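Here the structure comes first, spelled out in structure tokens, and everything after it is commentary.
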Amino acid sequence: MIFKPDQWLFAFKLYLAAMMAFTISAHIGLPETYWTIVTCCVVMNPMSGAVRSKAVYRFTGTFCGGLVSLILVSFFANTPILMIAFIGLIGAVAFGCSLLDRTPRSYGFQLFGLTLMIVAIPYIEHPATLFDIAIFRICEIGLGIICCTMVDSIIAPRSLKPGVQFKLQGWLADMEKWIDDAFEGHITDDEAVHDRLKALSDISSLSALAAQLRYDPLITRRENQLIFSIQLRLLRLVPLLSAISSRIADAEPDIRNKLTASLKTAAAHAKNGEPADEALLTQITQTAHSMDSMSEWRHLVQENMAELLKTILHNWSEIRQCQQSLEQDSPLPPLLEKEVSNTRSFKLYPDTYIAKKIFIGSLISYSLLCVLWYATGWHHAPAAVLMGVAALAFFGGSDEGGRAITLFGRFTIIALFAASILSYGLLPLANDYPMFLIIMAIFILPIGAWATKNPMAILLLAMAFSSINFQSSYQPYDFGVFLEICIANLLGIFIAFCSLGLVRTLGAKHTMERLIREGREEVLNLTYRATPRDRDAFLNRSLDKIGSLASRLEQTGQINTSSRVLSRLRAAASIAELRHTSAYLNEETRRVLEDLFTTIRQDINHKEPSDKLLAIIDNALSTAWKHESKSAKHPLLRGLIGLRLALFEYAPAWRYAP
């Protein structure tokens, strides 16, 4: 295997930090020196922002875990069974919470739960030693973090900024292509729509890097704000572009011919990053009024199209201004600058279903292994407990959690084999400190370089150092003891695998069906109550879920449903607008809308909307035309137009029936 210079550089930084931490730990007499090396292995990252964010969350989780351990022992020192029960319950809650936070902060919750079990469980029968153990662990973790941060800061720190800017350029190019396709009236095929959904997933996933960007020493606060301002505006464009694409593609040939000049002008505005001027909007609206043969429906759609186009070009203009400011460090217009200064990253919503399952799975795994410990009195059972809950916490939340835990088990076997070579073959050769450094370089450097390609290699290093008696004065375990440690680790992983299978159904198909079902339930809730805030929150959650659905649609061979996913999103946004508007309408119009909401609830689980729903939407349009407004700018007509086009793009046009 051939590694590049930057991969060897990362391996050298990891090696240097680990040796510094180990040397200082041994010199000042800390008892568990391998903790410092393990910390360096898991904290060191090719990107400086990732090093700092992980360092903060690892130390915070370790400190809080140690503190809670001391609090628990102060209450339950004389009742170890109760202490074991509370440790398991609190640890399972922490692991569940780690699945609720989809940012690097989740690592802090995971380390909180793991520290609780590392500090408290092995010493449950010797509570008097817990204070010292907690202090030693916090000191050694802190020492490893300091060494990692120092080495990374001095030797070739790397920023996420070039990579993020490269991604931004790709997203902007994709979005510009989408705008061109929409304005030209191209009917996009399912594969192209699916590619755009995957881009949406990529854009929303930028939020997972928010903490790393914030801690990146080479990215300023304003650059962060500009990056996330572009992200939010790109996401807002998705439903708007989907809506205007359907309106233009659905237009009759004579209307599209009349609109050609206006849409070319709009495309030119987009290319130059300019907002729509009044002349362009008037031109589109007057196209409708100049065609007497057009139905009332077509007039409304044209007006609505002009409003959509205005919003799209305005958003796109702001995106281009933010991009230019990011690249050239140029000032923004005062109003936009104020908006940018208040920008936060797009919110990634928690998956409470998975969090509950991991909480329950962790409790089951913990309970089974503790019962085994109690029944056998096995001295190494705490290692099995730790591995069981760690496997669930780190790998159980994915669609294929079983496969992930199995892969973790395979790497654990490799790690234990590597640990045996290090423990019984290499380290006994280290008769002095220089020879020790050479042996550690032989072991760490190639695996560290491999870790840049395969993150599981880091776990291999961490597991290897955790499985040998690696203290300041090295004395290998008796080989029988080492075998018991290996069996405990593998048993814990096996119990985690079985526990996960008991609590959740695995696979992309099940997750996709669950997300779609949850989306329908949210739409049902919108038919009962929807404020502008509810609508915005729903759109954000839906964009997040659509991003999650994109890869699963591909895995299950259902990319042909990608267009329907966007149509349902637009329909739900229109439903929210109608529900909010209904509070301000006359009695007859409200009654018609209630009939509409009732029919939506009846149709919600159907694959295709019914003709009855189309008739009721058209009836609502007639009532709104008669009693409320004849302008597509009115929120009631805007919502009805959006709903009808989202669900019945090619249905016969509505005509006003007095």
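FYI, nothing fancy with the structure tokens labels: chains A, B, ... in order, residues from 1 per chain, ligands from 1 as they appear.
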
Worksheet entry | Distance query Tyr15 of chain A at most 7 Å, only C-alpha atoms, self and fewer than 3 positions along chain excluded, as a PyMOL selection string | chain A and resi 11-12+18-19+441+444-445

Worksheet item: Looking only at the backbone, which of the residues in segment 373-553 of chain A does DSSP tag as alpha helix (DSSP H), as a PyMOL selection string?
Response: chain A and resi 373-376+381-395+401-421+433-451+456-466+479-503+508-528+532-553

Could you produce a table of the residues of segment 303-356 of chain A lying within 12 Å of segment 166-171 of chain A, with the nearest pair of atoms per residue and their separation in Å rounded to one decimal, using only C-alpha atoms, ordered by chain and increasing residue number, as CSV?
residue,atom,partner,partner_atom,distance
A:Ile319,CA,A:Leu168,CA,10.6
A:Arg320,CA,A:Gln169,CA,10.8
A:Cys322,CA,A:Leu168,CA,11.2
A:Gln323,CA,A:Leu168,CA,8.6
A:Gln324,CA,A:Gln169,CA,11.3
A:Leu326,CA,A:Leu168,CA,10.7
A:Glu327,CA,A:Gln169,CA,10.8

Discussion item. List as a list in words the protein and nucleic acid residues near Arg517 of chain A, meaning an atom at most 12 Å away when only C-alpha atoms are counted, but skip any in the same chain fewer than 5 places from it.
Written reply: His510, Thr511, Met512, Glu522, Val523, Leu524, Lys545, Ile604, Asn605 and His606 of chain A

Output as a Markdown table one row per residue of segment 144-212 of chain A within 12 Å of segment 29-43 of chain A: the closest atom pair and its distance in Å to one decimal place, counting only C-alpha atoms, sorted by chain and residue number ascending.
| residue | atom | partner | partner_atom | distance |
| --- | --- | --- | --- | --- |
| A:Gly144 | CA | A:Thr36 | CA | 4.6 |
| A:Ile145 | CA | A:Cys40 | CA | 6.7 |
| A:Ile146 | CA | A:Cys40 | CA | 9.3 |
| A:Cys147 | CA | A:Cys40 | CA | 7.7 |
| A:Cys148 | CA | A:Cys40 | CA | 6.0 |
| A:Thr149 | CA | A:Val43 | CA | 8.9 |
| A:Met150 | CA | A:Cys40 | CA | 11.4 |
| A:Val151 | CA | A:Cys40 | CA | 10.5 |
| A:Asp152 | CA | A:Val43 | CA | 10.6 |

Pull N, CA, C and O atoms from the residues just selected and write them as a PDB file, in the first residue's frame.
ATOM      1  N   GLY A 144      -3.415  14.381  26.690  1.00  0.00           N
ATOM      2  CA  GLY A 144      -3.434  13.946  25.293  1.00  0.00           C
ATOM      3  C   GLY A 144      -4.012  15.004  24.375  1.00  0.00           C
ATOM      4  O   GLY A 144      -3.492  15.247  23.267  1.00  0.00           O
ATOM      5  N   ILE A 145      -5.063  15.679  24.842  1.00  0.00           N
ATOM      6  CA  ILE A 145      -5.698  16.736  24.045  1.00  0.00           C
ATOM      7  C   ILE A 145      -4.736  17.907  23.835  1.00  0.00           C
ATOM      8  O   ILE A 145      -4.612  18.446  22.725  1.00  0.00           O
ATOM      9  N   ILE A 146      -4.037  18.300  24.896  1.00  0.00           N
ATOM     10  CA  ILE A 146      -3.094  19.422  24.798  1.00  0.00           C
ATOM     11  C   ILE A 146      -1.979  19.095  23.802  1.00  0.00           C
ATOM     12  O   ILE A 146      -1.613  19.928  22.953  1.00  0.00           O
ATOM     13  N   CYS A 147      -1.450  17.888  23.879  1.00  0.00           N
ATOM     14  CA  CYS A 147      -0.358  17.507  22.968  1.00  0.00           C
ATOM     15  C   CYS A 147      -0.837  17.479  21.520  1.00  0.00           C
ATOM     16  O   CYS A 147      -0.135  17.949  20.614  1.00  0.00           O
ATOM     17  N   CYS A 148      -2.036  16.939  21.285  1.00  0.00           N
ATOM     18  CA  CYS A 148      -2.585  16.918  19.922  1.00  0.00           C
ATOM     19  C   CYS A 148      -2.761  18.328  19.378  1.00  0.00           C
ATOM     20  O   CYS A 148      -2.400  18.621  18.228  1.00  0.00           O
ATOM     21  N   THR A 149      -3.329  19.184  20.187  1.00  0.00           N
ATOM     22  CA  THR A 149      -3.602  20.555  19.744  1.00  0.00           C
ATOM     23  C   THR A 149      -2.308  21.306  19.453  1.00  0.00           C
ATOM     24  O   THR A 149      -2.198  22.027  18.453  1.00  0.00           O
ATOM     25  N   MET A 150      -1.311  21.131  20.317  1.00  0.00           N
ATOM     26  CA  MET A 150      -0.029  21.809  20.110  1.00  0.00           C
ATOM     27  C   MET A 150       0.644  21.332  18.824  1.00  0.00           C
ATOM     28  O   MET A 150       1.096  22.148  18.004  1.00  0.00           O
ATOM     29  N   VAL A 151       0.710  20.025  18.637  1.00  0.00           N
ATOM     30  CA  VAL A 151       1.370  19.484  17.446  1.00  0.00           C
ATOM     31  C   VAL A 151       0.654  19.938  16.184  1.00  0.00           C
ATOM     32  O   VAL A 151       1.281  20.365  15.198  1.00  0.00           O
ATOM     33  N   ASP A 152      -0.671  19.880  16.207  1.00  0.00           N
ATOM     34  CA  ASP A 152      -1.432  20.281  15.019  1.00  0.00           C
ATOM     35  C   ASP A 152      -1.282  21.772  14.736  1.00  0.00           C
ATOM     36  O   ASP A 152      -1.260  22.186  13.573  1.00  0.00           O
TER      37      ASP A 152
END

Fill in: Lys630 of chain A environment, 12 Å, only C-alpha atoms, sequence neighbours closer than 5 positions dropped, as a ChimeraX atom specification
/A:296-297,299-301,303-304,621-625,635-638,656

Worksheet item: Any idea what's packed within 10 Å of Ala508 of chain A, counting only C-alpha atoms, ignoring anything in its chain fewer than 3 positions away? Could you give it as a list of chain:residue names?
Response: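 Result of the neighbour search: A:Ser398, A:Asp399, A:Glu400, A:Thr505, A:Thr511, A:Met512, A:Glu513, A:Arg514, A:Leu549, A:Ser551, A:Arg552, A:Leu553, A:Glu554, A:Gln555, A:Thr556.
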
Next, write the just-selected residues to a file, as a PDB file, in the first residue's frame, keeping N, CA and C atoms as the atom set.
ATOM      1  N   SER A 398     -26.867   3.605  12.389  1.00  0.00           N
ATOM      2  CA  SER A 398     -26.942   3.638  10.928  1.00  0.00           C
ATOM      3  C   SER A 398     -28.014   2.679  10.420  1.00  0.00           C
ATOM      4  N   ASP A 399     -28.396   2.846   9.147  1.00  0.00           N
ATOM      5  CA  ASP A 399     -29.392   1.948   8.547  1.00  0.00           C
ATOM      6  C   ASP A 399     -28.952   0.503   8.644  1.00  0.00           C
ATOM      7  N   GLU A 400     -27.679   0.276   8.394  1.00  0.00           N
ATOM      8  CA  GLU A 400     -27.124  -1.071   8.446  1.00  0.00           C
ATOM      9  C   GLU A 400     -26.257  -1.203   9.700  1.00  0.00           C
ATOM     10  N   THR A 505     -35.594  -2.701  13.288  1.00  0.00           N
ATOM     11  CA  THR A 505     -35.505  -3.312  11.967  1.00  0.00           C
ATOM     12  C   THR A 505     -34.466  -2.548  11.170  1.00  0.00           C
ATOM     13  N   THR A 511     -36.004   2.313   6.770  1.00  0.00           N
ATOM     14  CA  THR A 511     -35.803   3.713   7.161  1.00  0.00           C
ATOM     15  C   THR A 511     -36.530   4.652   6.199  1.00  0.00           C
ATOM     16  N   MET A 512     -36.454   4.353   4.903  1.00  0.00           N
ATOM     17  CA  MET A 512     -37.124   5.188   3.909  1.00  0.00           C
ATOM     18  C   MET A 512     -38.629   5.186   4.138  1.00  0.00           C
ATOM     19  N   GLU A 513     -39.207   4.018   4.352  1.00  0.00           N
ATOM     20  CA  GLU A 513     -40.651   3.926   4.586  1.00  0.00           C
ATOM     21  C   GLU A 513     -41.047   4.669   5.858  1.00  0.00           C
ATOM     22  N   ARG A 514     -40.201   4.582   6.882  1.00  0.00           N
ATOM     23  CA  ARG A 514     -40.497   5.289   8.133  1.00  0.00           C
ATOM     24  C   ARG A 514     -40.456   6.803   7.937  1.00  0.00           C
ATOM     25  N   LEU A 549     -33.448  10.951   2.478  1.00  0.00           N
ATOM     26  CA  LEU A 549     -34.109   9.991   1.600  1.00  0.00           C
ATOM     27  C   LEU A 549     -33.316   9.735   0.318  1.00  0.00           C
ATOM     28  N   SER A 551     -30.192   9.101  -0.710  1.00  0.00           N
ATOM     29  CA  SER A 551     -29.342   7.914  -0.853  1.00  0.00           C
ATOM     30  C   SER A 551     -30.150   6.638  -0.701  1.00  0.00           C
ATOM     31  N   ARG A 552     -31.182   6.687   0.134  1.00  0.00           N
ATOM     32  CA  ARG A 552     -31.982   5.477   0.366  1.00  0.00           C
ATOM     33  C   ARG A 552     -32.861   5.151  -0.834  1.00  0.00           C
ATOM     34  N   LEU A 553     -33.312   6.163  -1.556  1.00  0.00           N
ATOM     35  CA  LEU A 553     -34.062   5.911  -2.786  1.00  0.00           C
ATOM     36  C   LEU A 553     -33.191   5.174  -3.798  1.00  0.00           C
ATOM     37  N   GLU A 554     -31.924   5.559  -3.843  1.00  0.00           N
ATOM     38  CA  GLU A 554     -30.999   4.911  -4.770  1.00  0.00           C
ATOM     39  C   GLU A 554     -30.715   3.474  -4.333  1.00  0.00           C
ATOM     40  N   GLN A 555     -30.509   3.289  -3.037  1.00  0.00           N
ATOM     41  CA  GLN A 555     -30.209   1.947  -2.533  1.00  0.00           C
ATOM     42  C   GLN A 555     -31.359   0.977  -2.759  1.00  0.00           C
ATOM     43  N   THR A 556     -32.588   1.481  -2.685  1.00  0.00           N
ATOM     44  CA  THR A 556     -33.756   0.611  -2.842  1.00  0.00           C
ATOM     45  C   THR A 556     -34.286   0.594  -4.268  1.00  0.00           C
TER      46      THR A 556
END

Worksheet item: Of the candidates A:Gly639, A:Gly448, A:Gly501, A:Gly49, which shows the shortest atom-to-atom distance to Leu9 of chain A, using only C-alpha atoms?
Response: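 Looking at the shortest contact to Leu9 of chain A, the residue is A:Gly448.
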
Fill in: Atom pair atom CA of Lys356 of chain A / atom CA of Ser499 of chain A: separation (Å)
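Interatomic distance, atom CA of Lys356 of chain A to atom CA of Ser499 of chain A: 13.3 Å.
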
Discussion item. As an exercise, work out the distance from atom CA of Lys357 of chain A to atom CA of Leu372 of chain A in Å and give it to one decimal place.
Written reply: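 Result for atom CA of Lys357 of chain A versus atom CA of Leu372 of chain A: 22.5 Å, one decimal.
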
Could you produce a table of the residues of segment 512-595 of chain A lying within 9 Å of segment 243-260 of chain A, with the nearest pair of atoms per residue and their separation in Å rounded to one decimal, using only C-alpha atoms, ordered by chain and increasing residue number, as JSON lines?
{"residue": "A:Leu566", "atom": "CA", "partner": "A:Ala243", "partner_atom": "CA", "distance": 8.8}
{"residue": "A:Ser567", "atom": "CA", "partner": "A:Ala243", "partner_atom": "CA", "distance": 8.1}
{"residue": "A:Arg570", "atom": "CA", "partner": "A:Ala243", "partner_atom": "CA", "distance": 7.0}

All residues 10 Å or closer to Asp195 of chain A, only C-alpha atoms, same chain fewer than 5 positions away omitted, as a PDB file with N, CA and C atoms, in the first residue's frame:
ATOM      1  N   ASP A 174     -24.410  23.542  -9.899  1.00  0.00           N
ATOM      2  CA  ASP A 174     -25.588  22.675 -10.036  1.00  0.00           C
ATOM      3  C   ASP A 174     -26.880  23.478  -9.961  1.00  0.00           C
ATOM      4  N   ASP A 190     -36.274  11.553 -14.052  1.00  0.00           N
ATOM      5  CA  ASP A 190     -36.174  11.135 -12.654  1.00  0.00           C
ATOM      6  C   ASP A 190     -34.735  11.089 -12.171  1.00  0.00           C
ATOM      7  N   LEU A 200     -28.909  18.204  -2.578  1.00  0.00           N
ATOM      8  CA  LEU A 200     -29.595  18.765  -1.416  1.00  0.00           C
ATOM      9  C   LEU A 200     -29.089  18.106  -0.134  1.00  0.00           C
ATOM     10  N   SER A 201     -28.910  16.789  -0.174  1.00  0.00           N
ATOM     11  CA  SER A 201     -28.379  16.071   0.984  1.00  0.00           C
ATOM     12  C   SER A 201     -26.987  16.577   1.330  1.00  0.00           C
ATOM     13  N   ALA A 550     -32.548  10.720  -0.134  1.00  0.00           N
ATOM     14  CA  ALA A 550     -31.927  10.643  -1.456  1.00  0.00           C
ATOM     15  C   ALA A 550     -31.104   9.374  -1.636  1.00  0.00           C
ATOM     16  N   SER A 551     -30.192   9.101  -0.710  1.00  0.00           N
ATOM     17  CA  SER A 551     -29.342   7.914  -0.853  1.00  0.00           C
ATOM     18  C   SER A 551     -30.150   6.638  -0.701  1.00  0.00           C
ATOM     19  N   GLU A 554     -31.924   5.559  -3.843  1.00  0.00           N
ATOM     20  CA  GLU A 554     -30.999   4.911  -4.770  1.00  0.00           C
ATOM     21  C   GLU A 554     -30.715   3.474  -4.333  1.00  0.00           C
ATOM     22  N   ILE A 559     -35.524   5.544  -7.475  1.00  0.00           N
ATOM     23  CA  ILE A 559     -35.245   6.935  -7.835  1.00  0.00           C
ATOM     24  C   ILE A 559     -36.361   7.533  -8.685  1.00  0.00           C
ATOM     25  N   SER A 562     -38.417  10.271  -7.028  1.00  0.00           N
ATOM     26  CA  SER A 562     -37.767  11.504  -6.580  1.00  0.00           C
ATOM     27  C   SER A 562     -38.617  12.735  -6.884  1.00  0.00           C
TER      28      SER A 562
END
